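Participant: Below is the file data.txt, which contains compact mmCIF, C-alpha atoms and all ligand atoms.
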# COMPACT_ATOMS: atom_id res chain seq x y z
CA MET A 1 0.00 0.00 0.00
CA ASP A 2 1.33 3.44 -0.95
CA LEU A 3 0.48 5.35 2.21
CA LEU A 4 1.33 8.79 0.84
CA LYS A 5 -0.76 8.27 -2.28
CA GLU A 6 -3.76 7.16 -0.20
CA LEU A 7 -3.31 10.16 2.12
CA GLN A 8 -3.14 12.55 -0.80
CA GLU A 9 -6.24 11.05 -2.42
CA ASN A 10 -8.50 10.42 0.57
CA GLY A 11 -6.97 12.44 3.41
CA TYR A 12 -6.59 9.30 5.51
CA VAL A 13 -5.62 5.66 5.39
CA LEU A 14 -6.85 2.79 7.57
CA ILE A 15 -4.72 -0.29 8.19
CA LYS A 16 -7.01 -2.75 9.89
CA GLU A 17 -4.44 -5.31 10.99
CA ALA A 18 -1.12 -3.63 11.68
CA GLY A 19 -0.25 -6.15 14.41
CA LEU A 20 -0.03 -5.68 18.16
CA HIS A 21 3.44 -6.92 19.03
CA ASP A 22 5.23 -3.51 18.97
CA PRO A 23 2.81 -0.63 18.36
CA ASN A 24 5.42 2.13 18.84
CA ASP A 25 7.72 0.61 16.25
CA THR A 26 4.80 -0.06 13.90
CA LEU A 27 3.79 3.61 14.07
CA GLU A 28 7.32 4.91 13.60
CA THR A 29 8.11 2.56 10.73
CA ALA A 30 4.89 3.40 8.87
CA VAL A 31 5.27 7.17 9.24
CA ALA A 32 8.97 7.06 8.32
CA THR A 33 8.08 5.67 4.87
CA PHE A 34 6.66 9.06 3.81
CA ALA A 35 7.38 11.64 6.58
CA GLN A 36 9.63 12.51 9.50
CA PRO A 37 8.37 11.24 12.87
CA ILE A 38 8.44 14.28 15.18
CA SER A 39 7.64 15.17 18.78
CA TYR A 40 6.40 18.58 19.90
CA LEU A 41 7.04 20.62 23.03
CA GLY A 42 9.34 18.01 24.53
CA LEU A 43 6.63 15.34 24.73
CA PRO A 44 7.43 11.69 23.96
CA LEU A 45 7.59 10.77 20.26
CA VAL A 46 4.81 8.23 20.69
CA MET A 47 2.15 9.46 23.09
CA ASP A 48 -0.08 7.08 25.02
CA LEU A 49 -3.65 8.31 24.89
CA LYS A 50 -5.61 7.08 27.86
CA PRO A 51 -7.56 8.79 30.64
CA LYS A 52 -5.48 10.64 33.23
CA PRO A 53 -6.76 12.75 36.12
CA GLY A 54 -6.51 16.53 35.91
CA PHE A 55 -7.07 16.99 32.16
CA GLN A 56 -9.95 18.93 30.64
CA PRO A 57 -12.69 16.60 29.28
CA ALA A 58 -11.86 17.45 25.63
CA SER A 59 -8.18 16.51 25.60
CA TYR A 60 -6.11 13.46 24.77
CA ALA A 61 -6.17 12.36 28.41
CA GLY A 62 -9.72 13.52 29.15
CA THR A 63 -12.87 11.44 29.01
CA GLY A 64 -15.42 13.80 27.43
CA VAL A 65 -16.60 14.11 23.86
CA PHE A 66 -13.84 15.65 21.75
CA ASP A 67 -15.33 17.73 18.93
CA LEU A 68 -13.77 17.41 15.51
CA HIS A 69 -10.60 19.49 15.37
CA THR A 70 -7.12 19.74 13.94
CA ASP A 71 -4.20 19.22 16.32
CA LEU A 72 -2.00 22.09 17.49
CA SER A 73 -4.24 24.74 15.89
CA TRP A 74 -2.48 27.28 18.14
CA PHE A 75 1.00 26.32 16.88
CA GLU A 76 2.68 28.12 13.95
CA LYS A 77 3.31 24.91 12.06
CA PRO A 78 1.03 22.10 13.16
CA PRO A 79 2.08 18.52 12.37
CA LYS A 80 1.18 17.58 8.79
CA TYR A 81 0.35 13.95 9.62
CA ILE A 82 -1.11 12.15 12.61
CA ALA A 83 -0.82 8.40 12.99
CA MET A 84 -3.04 6.69 15.56
CA PHE A 85 -2.80 3.13 16.80
CA CYS A 86 -5.62 1.35 18.60
CA VAL A 87 -4.23 -0.85 21.38
CA GLN A 88 -7.66 -1.26 22.97
CA PRO A 89 -10.99 0.30 21.98
CA GLU A 90 -13.19 1.06 24.97
CA SER A 91 -15.00 -2.14 26.00
CA ALA A 92 -18.00 -0.07 27.06
CA GLY A 93 -18.36 1.20 23.47
CA GLY A 94 -17.49 4.88 23.91
CA GLY A 95 -14.45 6.83 22.81
CA ARG A 96 -15.07 5.98 19.16
CA PRO A 97 -12.58 7.72 16.89
CA LEU A 98 -14.03 10.10 14.31
CA LEU A 99 -12.70 11.76 11.19
CA ALA A 100 -14.19 14.28 8.79
CA ASP A 101 -12.85 15.61 5.51
CA GLY A 102 -12.50 19.37 5.94
CA TRP A 103 -12.31 19.85 2.18
CA LYS A 104 -15.70 18.19 1.74
CA ALA A 105 -17.13 20.33 4.54
CA LEU A 106 -15.83 23.49 2.83
CA ALA A 107 -17.46 22.40 -0.42
CA ASP A 108 -20.82 22.27 1.44
CA LEU A 109 -20.60 25.93 2.49
CA SER A 110 -21.77 29.08 0.71
CA PRO A 111 -19.08 31.11 -1.13
CA GLU A 112 -19.62 33.89 1.44
CA ASP A 113 -18.88 31.56 4.35
CA VAL A 114 -15.77 30.18 2.61
CA ASP A 115 -14.58 33.71 1.96
CA TYR A 116 -15.02 34.53 5.66
CA LEU A 117 -13.00 31.47 6.71
CA LYS A 118 -10.18 32.43 4.33
CA THR A 119 -9.96 36.10 5.21
CA GLN A 120 -11.03 36.67 8.85
CA PRO A 121 -8.43 35.90 11.51
CA VAL A 122 -9.50 33.77 14.45
CA THR A 123 -7.59 33.45 17.73
CA PHE A 124 -6.78 29.87 18.72
CA PRO A 125 -5.74 29.47 22.35
CA ALA A 126 -3.64 26.54 23.54
CA PRO A 127 -5.52 24.10 25.77
CA ASP A 128 -5.32 24.43 29.57
CA HIS A 129 -2.60 21.83 30.02
CA ILE A 130 -0.17 23.59 27.67
CA ASP A 131 1.56 26.89 28.43
CA TYR A 132 1.83 28.50 25.00
CA PRO A 133 0.62 31.84 23.57
CA PRO A 134 -2.50 31.91 21.35
CA LEU A 135 -2.19 32.13 17.57
CA THR A 136 -4.29 34.38 15.34
CA ASP A 137 -4.81 33.32 11.72
CA PRO A 138 -7.66 32.57 9.31
CA ILE A 139 -9.17 29.07 9.63
CA VAL A 140 -8.47 28.28 5.97
CA THR A 141 -5.31 29.13 3.99
CA ASP A 142 -5.13 28.36 0.27
CA ARG A 143 -2.15 26.39 -0.98
CA GLY A 144 -1.32 24.61 -4.24
CA GLU A 145 -1.99 21.16 -2.78
CA GLY A 146 -5.40 22.18 -1.38
CA PRO A 147 -6.59 24.28 1.58
CA PHE A 148 -4.75 24.17 4.92
CA ILE A 149 -7.21 24.12 7.82
CA ARG A 150 -6.77 25.06 11.49
CA PHE A 151 -9.80 24.34 13.61
CA ARG A 152 -10.57 23.90 17.27
CA TYR A 153 -14.21 24.89 17.77
CA ASP A 154 -14.57 24.10 21.45
CA LEU A 155 -11.87 26.62 22.46
CA LEU A 156 -13.32 29.52 20.44
CA ASP A 157 -15.11 32.37 22.15
CA GLU A 158 -18.53 33.12 20.59
CA PRO A 159 -17.79 31.83 17.07
CA PRO A 160 -19.55 33.86 14.33
CA ALA A 161 -22.13 32.31 11.96
CA PRO A 162 -19.69 31.21 9.19
CA VAL A 163 -17.59 29.36 11.76
CA GLN A 164 -20.71 27.75 13.25
CA ASN A 165 -21.76 26.74 9.72
CA PHE A 166 -18.36 25.17 9.09
CA PHE A 167 -18.59 23.20 12.33
CA ALA A 168 -22.05 21.96 11.30
CA ALA A 169 -20.77 20.96 7.84
CA ILE A 170 -17.87 19.07 9.44
CA ASN A 171 -20.35 17.16 11.60
CA ASP A 172 -22.40 16.33 8.50
CA ASN A 173 -19.30 14.60 7.07
CA ILE A 174 -18.35 12.35 9.99
CA ILE A 175 -16.53 9.09 9.33
CA TYR A 176 -16.66 6.50 12.13
CA VAL A 177 -13.23 4.87 12.03
CA ASP A 178 -13.56 1.09 12.25
CA VAL A 179 -10.92 0.15 14.80
CA ALA A 180 -9.99 -3.02 16.68
CA PRO A 181 -6.89 -3.90 18.72
CA GLY A 182 -3.99 -3.60 16.27
CA THR A 183 -5.66 -1.12 13.88
CA MET A 184 -3.65 1.89 12.73
CA PHE A 185 -4.97 4.94 10.92
CA ILE A 186 -3.08 7.91 9.56
CA PHE A 187 -4.53 11.22 8.40
CA ASP A 188 -3.57 14.60 6.99
CA ASN A 189 -3.94 17.09 9.84
CA ASP A 190 -4.03 20.00 7.36
CA ARG A 191 -7.18 18.61 5.75
CA MET A 192 -8.94 16.10 8.01
CA LEU A 193 -10.53 16.86 11.37
CA HIS A 194 -10.55 14.25 14.10
CA GLY A 195 -12.33 13.69 17.38
CA ARG A 196 -14.00 11.05 19.48
CA THR A 197 -17.25 10.25 21.20
CA GLU A 198 -17.46 10.43 24.98
CA LEU A 199 -15.79 7.67 26.99
CA LYS A 200 -18.43 5.69 28.84
CA GLY A 201 -16.07 4.30 31.48
CA GLY A 202 -14.74 7.66 32.67
CA MET A 203 -11.39 7.52 34.46
CA ASN A 204 -11.69 3.73 34.68
CA SER A 205 -12.02 3.36 30.92
CA ASP A 206 -9.82 0.72 29.30
CA ARG A 207 -9.52 2.76 26.09
CA HIS A 208 -5.89 2.95 24.96
CA PHE A 209 -4.64 4.54 21.77
CA LYS A 210 -1.20 5.73 20.72
CA ARG A 211 -0.32 8.74 18.61
CA LEU A 212 2.65 9.78 16.52
CA TYR A 213 3.06 13.01 14.54
CA GLY A 214 4.77 13.19 11.18
CA ASP A 215 6.31 16.22 9.50
CA ALA A 216 6.24 16.46 5.72
FE FE A 301 -6.45 15.82 18.58
Could you write out this structure as structure tokens?
Ligand SMILES: [Fe+2]
Facilitator:
Amino acid sequence: MDLLKELQENGYVLIKEAGLHDPNDTLETAVATFAQPISYLGLPLVMDLKPKPGFQPASYAGTGVFDLHTDLSWFEKPPKYIAMFCVQPESAGGGRPLLADGWKALADLSPEDVDYLKTQPVTFPAPDHIDYPPLTDPIVTDRGEGPFIRFRYDLLDEPPAPVQNFFAAINDNIIYVDVAPGTMFIFDNDRMLHGRTELKGGMNSDRHFKRLYGDA
């Protein structure tokens, strides 16, 4: 499978049976075939995503619903690729991973709304658990390879109508990612939005995913 070609065509790629024997190595090896595995802000290269006390509900270690977003929206240069590995989906059936194609959502909007998203700067704050200044930029930036999207709806203060419409269009384009233990999926963080449903087991949830960023 040509991962980069799939990513460029569909925005994401799903590898149902990547194997469970060494998830960190599986993630790193897969990403290294088309990108540079990279860590941000001194965090581990492969992050374990499971509930931890003290995190806001919509965060990698929280247990709430996590609205569809791009990662590191508040960072000058967010990671181009995100690879996720499912060690254990939540037995209780929550915490389902979601994707949505931001390009399809944009195509569902009026030209006026798209123009707003491309021209009006929005301030994206870092989440509570990260000490980093906010970034102000339009949500959509045109590039030769297709629009670059920054989006983190739940941290915006009183989003105006075009931004609300974009969020609604994103939610009309949800893909439920079909994961099992040993499934890996990789997506383009400049194009695809990702999120999850609420964890049903709270802090005692057995949900365990891993994440690795890749730089183009
Ligand atoms: Fe995320």
Participant: CA of Lys16 (chain A) and CA of Thr183 (chain A) are how many Å apart?
Facilitator: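 We find that CA of Lys16 (chain A) and CA of Thr183 (chain A) lie 4.5 Å from each other.
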Participant: Let me see if you get this right: every residue at most 9 Å from ligand FE 301 (chain A), counting all atoms listed in the file, written as a PDB file with C-alpha atoms, in the coordinates of the input.
Facilitator:
ATOM      1  CA  SER A  59      -8.180  16.510  25.600  1.00  0.00           C
ATOM      2  CA  TYR A  60      -6.110  13.460  24.770  1.00  0.00           C
ATOM      3  CA  PHE A  66     -13.840  15.650  21.750  1.00  0.00           C
ATOM      4  CA  LEU A  68     -13.770  17.410  15.510  1.00  0.00           C
ATOM      5  CA  HIS A  69     -10.600  19.490  15.370  1.00  0.00           C
ATOM      6  CA  THR A  70      -7.120  19.740  13.940  1.00  0.00           C
ATOM      7  CA  ASP A  71      -4.200  19.220  16.320  1.00  0.00           C
ATOM      8  CA  LEU A  72      -2.000  22.090  17.490  1.00  0.00           C
ATOM      9  CA  ILE A  82      -1.110  12.150  12.610  1.00  0.00           C
ATOM     10  CA  LEU A 193     -10.530  16.860  11.370  1.00  0.00           C
ATOM     11  CA  HIS A 194     -10.550  14.250  14.100  1.00  0.00           C
ATOM     12  CA  GLY A 195     -12.330  13.690  17.380  1.00  0.00           C
ATOM     13  CA  ARG A 196     -14.000  11.050  19.480  1.00  0.00           C
TER      14      ARG A 196
END
Participant: Taking all atoms listed in the file into account, name the residue in A:Ala83, A:Leu199, A:Asn204, A:Glu76 that is nearest to Leu14 (chain A).
Facilitator: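 Residue with the minimum atom-to-atom distance to Leu14 (chain A): A:Ala83.
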Participant: Could you state the separation of CA of Phe166 (chain A) and CA of Asp190 (chain A) in Å, given to one decimal place?
Facilitator: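 Straight-line distance from CA of Phe166 (chain A) to CA of Asp190 (chain A) works out to 15.3 Å.
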Participant: Give me, as JSON lines, the closest atom pair and its distance (Å, one decimal) for every residue of region 52-144 of chain A within a cut-off of 10 Å of region 17-39 of chain A, counting all atoms listed in the file, rows sorted by chain and rising number.
Facilitator:
{"residue": "A:Pro79", "atom": "CA", "partner": "A:Ile38", "partner_atom": "CA", "distance": 8.1}
{"residue": "A:Lys80", "atom": "CA", "partner": "A:Ala35", "partner_atom": "CA", "distance": 8.9}
{"residue": "A:Tyr81", "atom": "CA", "partner": "A:Ala35", "partner_atom": "CA", "distance": 8.0}
{"residue": "A:Ile82", "atom": "CA", "partner": "A:Val31", "partner_atom": "CA", "distance": 8.8}
{"residue": "A:Ala83", "atom": "CA", "partner": "A:Leu27", "partner_atom": "CA", "distance": 6.7}
{"residue": "A:Met84", "atom": "CA", "partner": "A:Leu27", "partner_atom": "CA", "distance": 7.6}
{"residue": "A:Phe85", "atom": "CA", "partner": "A:Pro23", "partner_atom": "CA", "distance": 6.9}
{"residue": "A:Cys86", "atom": "CA", "partner": "A:Pro23", "partner_atom": "CA", "distance": 8.7}
{"residue": "A:Val87", "atom": "CA", "partner": "A:Leu20", "partner_atom": "CA", "distance": 7.2}
Participant: What's the 7 Å shell around Val65 (chain A), counting only C-alpha atoms, without same-chain residues fewer than 3 positions away, as a list in words?
Facilitator: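 That gives Ala58, Arg196, Thr197 and Glu198 of chain A.
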Participant: Can you measure CA of Leu43 (chain A) to CA of Phe75 (chain A) for me? One decimal in Å is fine.
Facilitator: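 Taking CA of Leu43 (chain A) and CA of Phe75 (chain A), their separation equals 14.6 Å.
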Participant: What lies within 8 Å of region 5-11 of chain A using only C-alpha atoms, ignoring chain neighbours under 3 positions off, as a ChimeraX atom specification?
Facilitator: /A:2,101,186-188,191-192
Participant: Box for region 57-60 of chain A - axis-aligned, 3 Å on each of the six sides, all listed atoms - centre and size in Å to one decimal, as lines of an AutoDock Vina configuration file.
Facilitator:
center_x = -9.4
center_y = 15.5
center_z = 27.0
size_x = 12.6
size_y = 10.0
size_z = 10.5
Participant: Using all atoms listed in the file, find the one residue out of A:Leu155, A:Ala105, A:Leu4, A:Val163 that sits nearest to Pro121 (chain A).
Facilitator: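 Of A:Leu155, A:Ala105, A:Leu4, A:Val163, the one nearest Pro121 (chain A), counting all atoms listed in the file, is A:Val163.
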Participant: With distances taken over only C-alpha atoms, which residue among A:Pro138, A:Gly64, A:Gly93, A:Pro78 lies nearest Asp115 (chain A)?
Facilitator: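 Of A:Pro138, A:Gly64, A:Gly93, A:Pro78, the one nearest Asp115 (chain A), counting only C-alpha atoms, is A:Pro138.
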Participant: Enumerate, as a list in words, the protein, DNA and RNA residues whose atoms approach (-8.3, 28.7, 11.2) to within 9 Å, taking into account only C-alpha atoms and the coordinate frame of the file.
Facilitator: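 The residues that fall inside the cut-off are Ser73, Leu117, Lys118, Gln120, Pro121, Val122, Thr123, Phe124, Thr136, Asp137, Pro138, Ile139, Val140, Thr141, Phe148, Ile149, Arg150, Phe151 and Arg152 of chain A.
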Participant: With distances taken over all atoms listed in the file, which residue among A:Pro57, A:Phe185, A:Lys77, A:Gly144 lies nearest Ala216 (chain A)?
Facilitator: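 The answer is A:Lys77, which sits nearest to Ala216 (chain A).
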Participant: Pro133 (chain A): which residues within 9 Å, counting all atoms listed in the file, same-chain residues fewer than 4 positions away excluded, as JSON, numbers by chain?
Facilitator: {"A": [74, 75, 125, 126]}
Participant: Which polymer residues have any atom within 8 Å of an atom of Ala169 (chain A), counting only C-alpha atoms, with same-chain residues fewer than 6 positions away left out, as a PyMOL selection string?
Facilitator: chain A and resi 105-106+108-109
Participant: Between A:Pro162, A:Pro181, A:Gly146, A:Gly62, which residue has the minimum interatomic distance to Pro127 (chain A), considering all atoms listed in the file?
Facilitator: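 Result for the nearest residue to Pro127 (chain A): A:Gly62.
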Participant: Could you rebuild region 124-159 of chain A with N, CA and C atoms and give it back as a short mmCIF file (atom, residue, chain, number, x, y, z; two decimals), in the coordinates of the input?
Facilitator:
data_model
loop_
_atom_site.label_atom_id
_atom_site.label_comp_id
_atom_site.auth_asym_id
_atom_site.auth_seq_id
_atom_site.Cartn_x
_atom_site.Cartn_y
_atom_site.Cartn_z
N PHE A 124 -6.76 31.23 18.17
CA PHE A 124 -6.78 29.87 18.72
C PHE A 124 -5.92 29.81 19.97
N PRO A 125 -6.54 29.61 21.13
CA PRO A 125 -5.74 29.47 22.35
C PRO A 125 -5.21 28.04 22.48
N ALA A 126 -4.10 27.88 23.19
CA ALA A 126 -3.64 26.54 23.54
C ALA A 126 -4.57 25.98 24.61
N PRO A 127 -4.69 24.66 24.70
CA PRO A 127 -5.52 24.10 25.77
C PRO A 127 -4.90 24.35 27.15
N ASP A 128 -5.72 24.14 28.18
CA ASP A 128 -5.32 24.43 29.57
C ASP A 128 -3.99 23.80 29.98
N HIS A 129 -3.76 22.57 29.50
CA HIS A 129 -2.60 21.83 30.02
C HIS A 129 -1.29 22.21 29.31
N ILE A 130 -1.37 23.18 28.39
CA ILE A 130 -0.17 23.59 27.67
C ILE A 130 0.04 25.09 27.81
N ASP A 131 1.23 25.48 28.23
CA ASP A 131 1.56 26.89 28.43
C ASP A 131 2.19 27.42 27.14
N TYR A 132 1.36 28.03 26.30
CA TYR A 132 1.83 28.50 25.00
C TYR A 132 0.92 29.64 24.56
N PRO A 133 1.48 30.70 23.93
CA PRO A 133 0.62 31.84 23.57
C PRO A 133 -0.37 31.48 22.46
N PRO A 134 -1.52 32.17 22.41
CA PRO A 134 -2.50 31.91 21.35
C PRO A 134 -1.97 32.35 19.98
N LEU A 135 -2.58 31.79 18.94
CA LEU A 135 -2.19 32.13 17.57
C LEU A 135 -3.40 32.68 16.83
N THR A 136 -3.20 33.77 16.08
CA THR A 136 -4.29 34.38 15.34
C THR A 136 -4.03 34.26 13.84
N ASP A 137 -4.96 33.62 13.14
CA ASP A 137 -4.81 33.32 11.72
C ASP A 137 -6.20 32.96 11.17
N PRO A 138 -6.39 33.09 9.85
CA PRO A 138 -7.66 32.57 9.31
C PRO A 138 -7.74 31.04 9.48
N ILE A 139 -8.96 30.51 9.49
CA ILE A 139 -9.17 29.07 9.63
C ILE A 139 -8.67 28.34 8.39
N VAL A 140 -8.84 28.94 7.22
CA VAL A 140 -8.47 28.28 5.97
C VAL A 140 -7.43 29.13 5.23
N THR A 141 -6.35 28.48 4.80
CA THR A 141 -5.31 29.13 3.99
C THR A 141 -5.17 28.34 2.69
N ASP A 142 -5.28 29.04 1.56
CA ASP A 142 -5.13 28.36 0.27
C ASP A 142 -3.67 28.02 0.00
N ARG A 143 -3.49 26.83 -0.56
CA ARG A 143 -2.15 26.39 -0.98
C ARG A 143 -2.34 25.58 -2.27
N GLY A 144 -1.24 25.37 -3.00
CA GLY A 144 -1.32 24.61 -4.24
C GLY A 144 -1.91 23.23 -4.07
N GLU A 145 -1.55 22.55 -2.98
CA GLU A 145 -1.99 21.16 -2.78
C GLU A 145 -3.40 21.05 -2.20
N GLY A 146 -4.06 22.19 -1.99
CA GLY A 146 -5.40 22.18 -1.38
C GLY A 146 -5.37 22.96 -0.08
N PRO A 147 -6.54 23.39 0.42
CA PRO A 147 -6.59 24.28 1.58
C PRO A 147 -5.96 23.67 2.84
N PHE A 148 -5.30 24.51 3.61
CA PHE A 148 -4.75 24.17 4.92
C PHE A 148 -5.73 24.68 5.97
N ILE A 149 -6.16 23.79 6.84
CA ILE A 149 -7.21 24.12 7.82
C ILE A 149 -6.67 24.04 9.25
N ARG A 150 -6.97 25.09 10.03
CA ARG A 150 -6.77 25.06 11.49
C ARG A 150 -8.16 25.13 12.09
N PHE A 151 -8.45 24.26 13.06
CA PHE A 151 -9.80 24.34 13.61
C PHE A 151 -9.87 23.69 14.98
N ARG A 152 -10.36 24.46 15.94
CA ARG A 152 -10.57 23.90 17.27
C ARG A 152 -11.78 24.64 17.86
N TYR A 153 -12.97 24.18 17.48
CA TYR A 153 -14.21 24.89 17.77
C TYR A 153 -14.45 25.09 19.25
N ASP A 154 -14.18 24.04 20.04
CA ASP A 154 -14.57 24.10 21.45
C ASP A 154 -13.77 25.14 22.25
N LEU A 155 -12.65 25.62 21.72
CA LEU A 155 -11.87 26.62 22.46
C LEU A 155 -12.12 28.04 21.94
N LEU A 156 -13.02 28.19 20.98
CA LEU A 156 -13.32 29.52 20.44
C LEU A 156 -14.37 30.23 21.29
N ASP A 157 -14.20 31.54 21.38
CA ASP A 157 -15.11 32.37 22.15
C ASP A 157 -16.17 32.92 21.20
N GLU A 158 -17.43 32.60 21.41
CA GLU A 158 -18.53 33.12 20.59
C GLU A 158 -18.22 33.09 19.09
N PRO A 159 -18.10 31.91 18.51
CA PRO A 159 -17.79 31.83 17.07
C PRO A 159 -18.90 32.44 16.21
#
